>>> print(open('model10.txt').read())   # compact mmCIF, C-alpha atoms
# COMPACT_ATOMS: atom_id res chain seq x y z
CA MET Q 1 20.61 89.13 -61.39
CA ASN Q 2 19.47 86.55 -63.96
CA ALA Q 3 15.84 87.64 -63.71
CA ALA Q 4 13.56 87.24 -66.73
CA PRO Q 5 13.71 90.47 -68.82
CA ALA Q 6 10.06 91.32 -68.11
CA ILE Q 7 10.70 91.03 -64.36
CA GLN Q 8 13.84 93.16 -64.61
CA LYS Q 9 11.89 95.80 -66.54
CA LEU Q 10 9.16 95.84 -63.86
CA LEU Q 11 11.83 96.15 -61.13
CA ASP Q 12 13.41 99.09 -62.98
CA GLU Q 13 10.07 100.89 -63.31
CA LEU Q 14 9.09 100.22 -59.68
CA GLU Q 15 12.41 101.59 -58.43
CA ARG Q 16 11.60 104.94 -60.03
CA LEU Q 17 8.67 105.40 -57.63
CA PRO Q 18 9.28 107.69 -54.64
CA GLY Q 19 10.25 105.84 -51.46
CA ILE Q 20 10.72 102.53 -53.31
CA GLY Q 21 14.26 101.09 -53.12
CA PRO Q 22 15.52 97.85 -54.67
CA LYS Q 23 14.17 95.67 -51.84
CA SER Q 24 10.68 97.21 -51.84
CA ALA Q 25 10.63 96.99 -55.64
CA GLN Q 26 11.48 93.30 -55.43
CA ARG Q 27 8.83 92.68 -52.80
CA ILE Q 28 6.19 94.45 -54.92
CA ALA Q 29 7.31 92.74 -58.16
CA TYR Q 30 7.01 89.27 -56.61
CA TRP Q 31 3.64 90.24 -55.14
CA ILE Q 32 2.49 91.25 -58.63
CA LEU Q 33 3.86 88.00 -60.10
CA ASN Q 34 2.13 85.99 -57.40
CA THR Q 35 -1.24 87.72 -57.37
CA ASP Q 36 -4.12 86.87 -59.72
CA ALA Q 37 -4.03 88.54 -63.14
CA ALA Q 38 -7.21 90.57 -62.49
CA THR Q 39 -5.73 92.31 -59.43
CA ALA Q 40 -2.50 93.16 -61.24
CA LEU Q 41 -4.36 94.45 -64.29
CA ARG Q 42 -6.61 96.65 -62.11
CA LEU Q 43 -3.46 98.40 -60.88
CA ALA Q 44 -2.12 98.83 -64.43
CA GLU Q 45 -5.48 100.16 -65.59
CA ALA Q 46 -5.75 102.57 -62.66
CA ILE Q 47 -2.37 104.04 -63.66
CA VAL Q 48 -3.45 104.40 -67.30
CA GLU Q 49 -6.80 105.87 -66.27
CA VAL Q 50 -5.39 108.67 -64.10
CA LYS Q 51 -2.98 109.67 -66.86
CA GLU Q 52 -5.78 109.69 -69.44
CA THR Q 53 -8.59 111.30 -67.47
CA VAL Q 54 -7.06 113.52 -64.79
CA HIS Q 55 -6.11 117.11 -65.64
CA PHE Q 56 -6.12 120.40 -63.74
CA CYS Q 57 -9.29 122.03 -62.36
CA SER Q 58 -10.02 125.10 -64.51
CA ARG Q 59 -10.78 127.11 -61.38
CA CYS Q 60 -8.30 126.09 -58.67
CA PHE Q 61 -5.69 123.93 -60.50
CA ASN Q 62 -6.24 120.93 -58.21
CA TYR Q 63 -6.38 117.58 -60.05
CA ALA Q 64 -9.81 117.02 -61.58
CA GLN Q 65 -11.60 114.65 -63.92
CA ASP Q 66 -14.38 117.10 -64.83
CA ASP Q 67 -13.89 120.74 -65.78
CA VAL Q 68 -13.69 121.65 -62.10
CA CYS Q 69 -12.47 119.45 -59.22
CA GLU Q 70 -14.70 117.67 -56.70
CA ILE Q 71 -14.09 120.37 -54.12
CA CYS Q 72 -14.89 123.33 -56.40
CA ALA Q 73 -18.00 121.45 -57.62
CA SER Q 74 -19.27 120.71 -54.10
CA ASP Q 75 -22.11 122.89 -52.78
CA ARG Q 76 -21.07 122.07 -49.22
CA ARG Q 77 -17.86 124.12 -49.44
CA ASP Q 78 -17.60 127.76 -48.43
CA ALA Q 79 -16.35 129.52 -51.57
CA SER Q 80 -15.67 132.72 -49.62
CA ILE Q 81 -12.51 131.24 -48.06
CA ILE Q 82 -9.67 130.19 -50.39
CA CYS Q 83 -6.77 128.15 -49.06
CA VAL Q 84 -3.67 128.69 -51.21
CA VAL Q 85 -1.30 125.71 -51.51
CA SER Q 86 1.80 125.02 -53.61
CA GLU Q 87 0.84 121.63 -55.05
CA PRO Q 88 -2.25 119.40 -55.42
CA ARG Q 89 -0.58 116.90 -53.04
CA ASP Q 90 -0.86 119.50 -50.25
CA ILE Q 91 -4.68 119.31 -50.36
CA PRO Q 92 -5.31 115.76 -48.98
CA PRO Q 93 -3.48 116.41 -45.66
CA ILE Q 94 -5.56 119.57 -45.14
CA GLU Q 95 -8.77 117.73 -46.08
CA ARG Q 96 -7.97 114.96 -43.59
CA THR Q 97 -8.05 117.49 -40.73
CA MET Q 98 -11.74 118.12 -41.54
CA VAL Q 99 -11.18 121.62 -40.11
CA PHE Q 100 -11.18 123.56 -43.39
CA LYS Q 101 -14.52 123.89 -45.19
CA GLY Q 102 -13.48 126.44 -47.83
CA VAL Q 103 -12.05 125.93 -51.32
CA TYR Q 104 -8.49 125.83 -52.65
CA HIS Q 105 -6.16 127.48 -55.10
CA VAL Q 106 -3.07 125.57 -56.23
CA LEU Q 107 -0.12 127.76 -57.23
CA GLY Q 108 1.77 124.99 -59.00
CA GLY Q 109 4.99 125.63 -57.06
CA ALA Q 110 6.55 128.32 -54.90
CA LEU Q 111 8.62 131.43 -55.61
CA SER Q 112 12.30 130.52 -55.83
CA PRO Q 113 14.95 132.93 -57.13
CA MET Q 114 17.42 130.03 -56.90
CA GLU Q 115 15.37 127.92 -59.33
CA ASN Q 116 14.34 130.97 -61.34
CA ILE Q 117 10.64 130.56 -60.47
CA GLY Q 118 8.92 133.95 -60.43
CA PRO Q 119 5.30 135.08 -59.95
CA ASP Q 120 4.50 134.53 -63.64
CA ASP Q 121 5.43 130.84 -63.34
CA LEU Q 122 2.72 130.27 -60.70
CA HIS Q 123 -1.09 130.51 -60.91
CA ILE Q 124 -1.04 133.89 -59.15
CA ALA Q 125 -2.80 135.91 -61.86
CA GLU Q 126 -5.62 133.34 -61.78
CA LEU Q 127 -5.83 133.72 -57.99
CA LEU Q 128 -6.11 137.51 -58.26
CA ARG Q 129 -8.81 137.10 -60.91
CA ARG Q 130 -10.77 134.87 -58.49
CA LEU Q 131 -10.41 137.48 -55.76
CA VAL Q 132 -11.97 140.19 -57.92
CA THR Q 133 -14.65 138.08 -59.64
CA GLU Q 134 -15.71 135.76 -56.78
CA ASP Q 135 -17.02 136.89 -53.40
CA VAL Q 136 -13.91 135.99 -51.39
CA GLN Q 137 -13.61 137.12 -47.75
CA GLU Q 138 -10.40 135.39 -46.69
CA VAL Q 139 -7.30 133.88 -48.23
CA VAL Q 140 -5.48 131.30 -46.05
CA LEU Q 141 -1.87 131.00 -47.13
CA ALA Q 142 -0.88 127.35 -46.68
CA THR Q 143 2.42 127.28 -48.56
CA ASN Q 144 5.12 125.16 -46.90
CA PRO Q 145 6.86 126.55 -43.79
CA ASN Q 146 10.24 126.70 -45.59
CA VAL Q 147 12.14 129.53 -47.31
CA GLU Q 148 10.31 129.28 -50.65
CA GLY Q 149 6.91 128.84 -48.99
CA GLU Q 150 7.43 131.79 -46.64
CA THR Q 151 8.68 133.99 -49.50
CA THR Q 152 5.61 133.06 -51.55
CA ALA Q 153 3.27 133.75 -48.63
CA ALA Q 154 4.87 137.15 -47.97
CA TYR Q 155 4.62 138.09 -51.65
CA LEU Q 156 0.96 137.03 -51.87
CA ALA Q 157 0.05 138.86 -48.66
CA ARG Q 158 1.58 142.05 -50.05
CA ILE Q 159 -0.41 141.96 -53.29
CA ILE Q 160 -3.69 140.58 -51.86
CA LYS Q 161 -4.14 142.86 -48.84
CA PRO Q 162 -4.74 146.02 -50.98
CA LEU Q 163 -7.75 144.20 -52.48
CA GLY Q 164 -9.46 144.37 -49.08
CA VAL Q 165 -9.39 140.58 -48.55
CA THR Q 166 -8.37 139.17 -45.16
CA VAL Q 167 -5.07 137.28 -45.51
CA THR Q 168 -4.08 134.64 -42.95
CA ARG Q 169 -1.21 132.16 -42.66
CA LEU Q 170 -1.15 128.67 -41.11
CA ALA Q 171 0.25 128.85 -37.57
CA SER Q 172 3.72 127.48 -36.91
CA GLY Q 173 4.44 125.97 -33.50
CA LEU Q 174 4.84 122.76 -31.55
CA PRO Q 175 3.37 119.61 -33.11
CA VAL Q 176 0.39 118.43 -31.04
CA GLY Q 177 1.42 115.38 -29.01
CA GLY Q 178 5.06 116.29 -29.56
CA ASP Q 179 7.70 116.77 -26.92
CA LEU Q 180 9.10 120.22 -26.14
CA GLU Q 181 12.45 118.54 -25.53
CA PHE Q 182 12.64 117.35 -29.12
CA ALA Q 183 11.36 120.49 -30.89
CA ASP Q 184 13.91 122.21 -33.12
CA GLU Q 185 14.90 125.75 -32.12
CA VAL Q 186 13.22 127.49 -35.05
CA THR Q 187 9.87 125.79 -34.42
CA LEU Q 188 10.09 126.38 -30.67
CA GLY Q 189 11.11 130.01 -31.26
CA ARG Q 190 8.10 130.47 -33.52
CA ALA Q 191 5.85 128.88 -30.90
CA ILE Q 192 7.08 131.39 -28.30
CA GLU Q 193 6.63 134.37 -30.64
CA SER Q 194 3.14 133.18 -31.59
CA ARG Q 195 2.10 132.46 -27.98
CA LEU Q 196 -1.64 132.88 -27.37
CA PRO Q 197 -3.52 134.30 -24.38
CA LEU Q 198 -5.45 131.72 -22.34
CA MET J 1 -11.32 112.74 -49.21
CA ASN J 2 -12.87 114.51 -52.22
CA ALA J 3 -10.30 113.07 -54.63
CA ALA J 4 -11.27 112.51 -58.25
CA PRO J 5 -12.64 108.93 -58.66
CA ALA J 6 -9.71 107.86 -60.86
CA ILE J 7 -7.24 109.06 -58.22
CA GLN J 8 -9.16 107.28 -55.45
CA LYS J 9 -9.16 104.09 -57.51
CA LEU J 10 -5.38 104.34 -58.01
CA LEU J 11 -4.90 104.94 -54.27
CA ASP J 12 -7.00 101.85 -53.47
CA GLU J 13 -4.97 99.68 -55.84
CA LEU J 14 -1.62 101.02 -54.61
CA GLU J 15 -2.58 100.35 -50.98
CA ARG J 16 -2.95 96.64 -51.81
CA LEU J 17 0.79 96.43 -52.53
CA PRO J 18 2.97 94.94 -49.78
CA GLY J 19 4.62 97.56 -47.55
CA ILE J 20 2.54 100.40 -49.04
CA GLY J 21 0.33 102.22 -46.52
CA PRO J 22 -2.03 105.15 -47.19
CA LYS J 23 0.76 107.75 -47.05
CA SER J 24 3.11 105.87 -49.39
CA ALA J 25 0.18 105.23 -51.74
CA GLN J 26 -0.59 108.94 -51.80
CA ARG J 27 3.04 109.85 -52.42
CA ILE J 28 3.24 107.37 -55.31
CA ALA J 29 -0.15 108.42 -56.75
CA TYR J 30 0.85 112.09 -56.85
CA TRP J 31 4.19 111.12 -58.36
CA ILE J 32 2.33 109.23 -61.10
CA LEU J 33 -0.02 112.19 -61.65
CA ASN J 34 2.94 114.55 -61.84
CA THR J 35 5.26 112.51 -64.04
CA ASP J 36 5.14 112.49 -67.84
CA ALA J 37 2.63 110.11 -69.42
CA ALA J 38 5.34 107.95 -71.05
CA THR J 39 6.98 107.11 -67.69
CA ALA J 40 3.65 106.24 -66.08
CA LEU J 41 2.60 104.11 -69.04
CA ARG J 42 5.92 102.22 -68.98
CA LEU J 43 5.09 101.15 -65.42
CA ALA J 44 1.56 100.08 -66.39
CA GLU J 45 2.90 98.16 -69.39
CA ALA J 46 5.60 96.47 -67.30
CA ILE J 47 2.88 95.18 -64.96
CA VAL J 48 0.79 93.90 -67.85
CA GLU J 49 3.84 92.33 -69.51
CA VAL J 50 4.94 90.28 -66.50
CA LYS J 51 1.42 88.94 -66.05
CA GLU J 52 1.15 88.04 -69.74
CA THR J 53 4.62 86.62 -70.39
CA VAL J 54 5.99 85.24 -67.13
CA HIS J 55 5.16 81.69 -66.08
CA PHE J 56 7.00 78.92 -64.25
CA CYS J 57 10.23 77.34 -65.52
CA SER J 58 9.39 73.81 -66.66
CA ARG J 59 12.51 72.49 -64.96
CA CYS J 60 12.95 74.36 -61.66
CA PHE J 61 9.65 76.31 -61.21
CA ASN J 62 11.42 79.67 -60.94
CA TYR J 63 9.69 82.46 -62.88
CA ALA J 64 10.59 82.30 -66.57
CA GLN J 65 9.62 83.87 -69.88
CA ASP J 66 10.92 81.03 -72.03
CA ASP J 67 10.31 77.32 -71.40
CA VAL J 68 13.14 77.30 -68.85
CA CYS J 69 14.35 80.21 -66.70
CA GLU J 70 17.49 82.30 -67.34
CA ILE J 71 19.42 80.33 -64.73
CA CYS J 72 18.50 76.86 -66.05
CA ALA J 73 19.28 78.09 -69.58
CA SER J 74 22.70 79.46 -68.67
CA ASP J 75 25.76 77.35 -69.59
CA ARG J 76 27.77 79.07 -66.86
CA ARG J 77 25.84 77.36 -64.05
CA ASP J 78 26.88 74.10 -62.43
CA ALA J 79 23.87 71.81 -62.92
CA SER J 80 25.33 69.23 -60.52
CA ILE J 81 24.39 71.34 -57.48
CA ILE J 82 20.70 72.14 -56.90
CA CYS J 83 19.67 74.73 -54.33
CA VAL J 84 16.14 74.04 -53.09
CA VAL J 85 14.07 77.10 -52.08
CA SER J 86 10.45 77.62 -51.09
CA GLU J 87 9.53 80.46 -53.44
CA PRO J 88 10.92 82.21 -56.56
CA ARG J 89 11.43 85.34 -54.42
CA ASP J 90 14.07 83.44 -52.39
CA ILE J 91 16.34 83.19 -55.46
CA PRO J 92 17.38 86.88 -55.92
CA PRO J 93 18.87 87.20 -52.40
CA ILE J 94 20.95 84.05 -53.00
CA GLU J 95 22.01 85.29 -56.45
CA ARG J 96 23.11 88.61 -54.97
CA THR J 97 25.67 86.81 -52.77
CA MET J 98 27.41 85.62 -55.96
CA VAL J 99 28.59 82.63 -53.91
CA PHE J 100 26.27 80.00 -55.41
CA LYS J 101 27.02 78.91 -58.97
CA GLY J 102 24.62 75.96 -59.18
CA VAL J 103 20.97 75.79 -60.25
CA TYR J 104 17.71 75.97 -58.32
CA HIS J 105 14.54 74.07 -57.58
CA VAL J 106 11.50 75.97 -56.30
CA LEU J 107 9.16 73.95 -54.11
CA GLY J 108 6.28 76.42 -54.31
CA GLY J 109 5.85 76.56 -50.51
CA ALA J 110 6.85 74.63 -47.42
CA LEU J 111 5.37 71.67 -45.54
CA SER J 112 2.81 72.87 -43.03
CA PRO J 113 0.42 70.52 -41.21
CA MET J 114 -1.28 73.67 -39.81
CA GLU J 115 -2.13 74.93 -43.30
CA ASN J 116 -2.67 71.43 -44.61
CA ILE J 117 0.26 71.62 -47.05
CA GLY J 118 1.76 68.16 -47.60
CA PRO J 119 4.51 66.79 -49.90
CA ASP J 120 2.08 66.41 -52.81
CA ASP J 121 1.32 70.14 -52.73
CA LEU J 122 4.97 71.00 -53.39
CA HIS J 123 7.22 70.32 -56.41
CA ILE J 124 8.95 67.47 -54.57
CA ALA J 125 8.17 64.69 -57.09
CA GLU J 126 9.70 66.91 -59.80
CA LEU J 127 12.82 67.39 -57.63
CA LEU J 128 13.20 63.64 -57.17
CA ARG J 129 12.80 63.13 -60.91
CA ARG J 130 15.64 65.62 -61.51
CA LEU J 131 17.84 63.77 -59.02
CA VAL J 132 17.44 60.49 -60.88
CA THR J 133 17.55 61.84 -64.46
CA GLU J 134 20.16 64.63 -64.11
CA ASP J 135 23.72 64.17 -62.86
CA VAL J 136 23.23 65.84 -59.46
CA GLN J 137 25.99 65.61 -56.83
CA GLU J 138 24.61 67.87 -54.11
CA VAL J 139 21.31 69.31 -52.96
CA VAL J 140 21.57 72.48 -50.84
CA LEU J 141 18.43 72.91 -48.75
CA ALA J 142 17.73 76.65 -48.53
CA THR J 143 14.23 76.64 -47.12
CA ASN J 144 13.58 79.36 -44.53
CA PRO J 145 15.05 78.91 -41.01
CA ASN J 146 11.58 78.72 -39.44
CA VAL J 147 9.38 75.79 -38.35
CA GLU J 148 7.91 75.06 -41.81
CA GLY J 149 11.26 75.49 -43.54
CA GLU J 150 13.11 73.25 -41.08
CA THR J 151 10.36 70.61 -41.32
CA THR J 152 10.58 70.69 -45.10
CA ALA J 153 14.39 70.46 -45.04
CA ALA J 154 14.29 67.49 -42.64
CA TYR J 155 11.71 65.71 -44.81
CA LEU J 156 13.69 66.30 -48.02
CA ALA J 157 16.96 65.18 -46.40
CA ARG J 158 15.32 61.92 -45.33
CA ILE J 159 14.03 61.05 -48.83
CA ILE J 160 17.02 62.37 -50.81
CA LYS J 161 19.90 60.79 -48.84
CA PRO J 162 18.97 57.21 -49.86
CA LEU J 163 19.48 58.29 -53.51
CA GLY J 164 23.19 58.73 -52.77
CA VAL J 165 23.13 62.53 -53.26
CA THR J 166 24.96 64.77 -50.79
CA VAL J 167 22.41 66.87 -48.86
CA THR J 168 23.46 70.13 -47.17
CA ARG J 169 21.62 72.89 -45.35
CA LEU J 170 22.36 76.63 -45.16
CA ALA J 171 24.26 77.41 -41.95
CA SER J 172 22.45 79.22 -39.16
CA GLY J 173 24.47 81.52 -36.93
CA LEU J 174 25.36 85.11 -36.17
CA PRO J 175 24.69 87.65 -38.92
CA VAL J 176 28.02 88.96 -40.25
CA GLY J 177 28.59 92.48 -38.93
CA GLY J 178 26.00 91.83 -36.21
CA ASP J 179 26.49 92.21 -32.48
CA LEU J 180 26.62 89.18 -30.20
CA GLU J 181 24.85 91.27 -27.60
CA PHE J 182 21.77 91.65 -29.81
CA ALA J 183 21.56 88.10 -31.17
CA ASP J 184 18.45 86.17 -30.15
CA GLU J 185 19.01 83.07 -28.01
CA VAL J 186 18.00 80.58 -30.68
CA THR J 187 20.38 82.01 -33.28
CA LEU J 188 23.21 82.31 -30.76
CA GLY J 189 22.55 78.77 -29.52
CA ARG J 190 22.71 77.51 -33.09
CA ALA J 191 25.96 79.42 -33.65
CA ILE J 192 27.50 77.72 -30.60
CA GLU J 193 26.33 74.25 -31.68
CA SER J 194 27.65 74.81 -35.20
CA ARG J 195 31.01 76.23 -34.04
CA LEU J 196 33.83 75.59 -36.49
CA PRO J 197 37.50 74.67 -35.85
CA LEU J 198 39.97 77.46 -36.72
>>> encode(input="model10.txt", output="structure tokens")
Amino acid sequence: MNAAPAIQKLLDELERLPGIGPKSAQRIAYWILNTDAATALRLAEAIVEVKETVHFCSRCFNYAQDDVCEICASDRRDASIICVVSEPRDIPPIERTMVFKGVYHVLGGALSPMENIGPDDLHIAELLRRLVTEDVQEVVLATNPNVEGETTAAYLARIIKPLGVTVTRLASGLPVGGDLEFADEVTLGRAIESRLPL
Amino acid sequence: MNAAPAIQKLLDELERLPGIGPKSAQRIAYWILNTDAATALRLAEAIVEVKETVHFCSRCFNYAQDDVCEICASDRRDASIICVVSEPRDIPPIERTMVFKGVYHVLGGALSPMENIGPDDLHIAELLRRLVTEDVQEVVLATNPNVEGETTAAYLARIIKPLGVTVTRLASGLPVGGDLEFADEVTLGRAIESRLPL
């Protein structure tokens, strides 16, 4: 390729990023080369800063800069409803809906016999501790609608229900604005099973 | 969004990158948060390094870390053929073809009366100096096949031909592997005009 070594190194690092192939990496590298130094350095510093200052919330295991995350620290959140997700990255899409006003608990993965991930590998003990020490009314299971996510949700429901806490699961069904014609059979089947009275 | 400030800052910086929207930025930010510190810091350092060490080749105005770029410095390149491009980012696609064995000259833009970019704003004087001081047989004009690029190519052809140097232009025509049915009229028209004897 005959690129300067520093450019080749940047291309190599950019290509590691998710969703970035060789062409996107090249486009971004030339943008970085072409932009003013201050803008490029702000990006480099932002990367360093998240790695140095962001850790896990001591309460819910979301990413946080303080001891607890912004959501746990907020007094505008309803701490009596805990939404359980697999990963911190699952929180922003739920937040964007602006429908959920409760707090979260991040498991740090999902049960997977295939990958040898059992209950002790997830933050399940910490969740149970929250359920007995905090005044929690409802746990919303928002693990992914795939095999591992469903297995995890079923396991959690089984151990949480005896504690007298309401356990709910995100609904599966047709995407809003979607076309019935293009729905896959499993999703459509679930939508029929979960049909609601009008 | 309730993200930690450092994460929000990283998202803001990532969204400035070309081709990176809010969802890609989020995917990349969570990847950076999730990856080991060494990998993330290598990316940050690669960004800093290109901004600190990469400048323009003193001969052809490609990006370079030494006084001249890797291509100008190579003894396996034919310095008697100069390929003229608008920007450094136009060089990698030409290099990838492995068809061109000559050297380059980067103009740093294209003529554009609309944007008030004239010959003095481009590295045209430096190109002419190379043509009279170096033993150049051919100049291949590889400016973009759009209005500015064609204008620039026509201008350069007019001033270079009197120097007794062969001037050529990249062929326009049907993309290889493309479908005649889907070719735009201008490209197809150009392909007909430039038809070759078999």
>>> interface_residues(input="model10.txt", of="chain J", to="chain Q", cutoff="6 Å", atoms="all atoms listed in the file", output="PyMOL selection string")
chain J and resi 2+4+6+10+13+43-44+46+50+64+70
>>> atom_distance(input="model10.txt", atom1="CA of Gly102 in chain Q", atom2="CA of Gly118 in chain Q")
26.8 Å
>>> atom_distance(input="model10.txt", atom1="CA of Ile192 in chain J", atom2="CA of Thr151 in chain J")
21.4 Å
>>> atom_distance(input="model10.txt", atom1="CA of Cys57 in chain Q", atom2="CA of Arg76 in chain Q")
17.6 Å
>>> closest_residue(input="model10.txt", among="Q:Leu188, Q:Ile81, Q:Leu174, Q:Leu128", to="Leu156 in chain Q", atoms="all atoms listed in the file")
Q:Leu128
>>> residues_around(input="model10.txt", residues="Val186 in chain Q", least_positions_apart="5", cutoff="12 Å", atoms="only C-alpha atoms", output="PyMOL selection string")
chain Q and resi 145-146+172-174+191-193
>>> residues_around(input="model10.txt", residues="Tyr155 in chain Q", least_positions_apart="6", cutoff="10 Å", atoms="all atoms listed in the file", output="VMD selection string")
chain Q and resid 111 119 149
>>> residues_around(input="model10.txt", residues="range 165-171 of chain Q", least_positions_apart="6", cutoff="12 Å", atoms="all atoms listed in the file", output="ChimeraX atom specification")
/Q:80-85,94,100,128,130-132,134-145,149-150,152-159,187,190-196
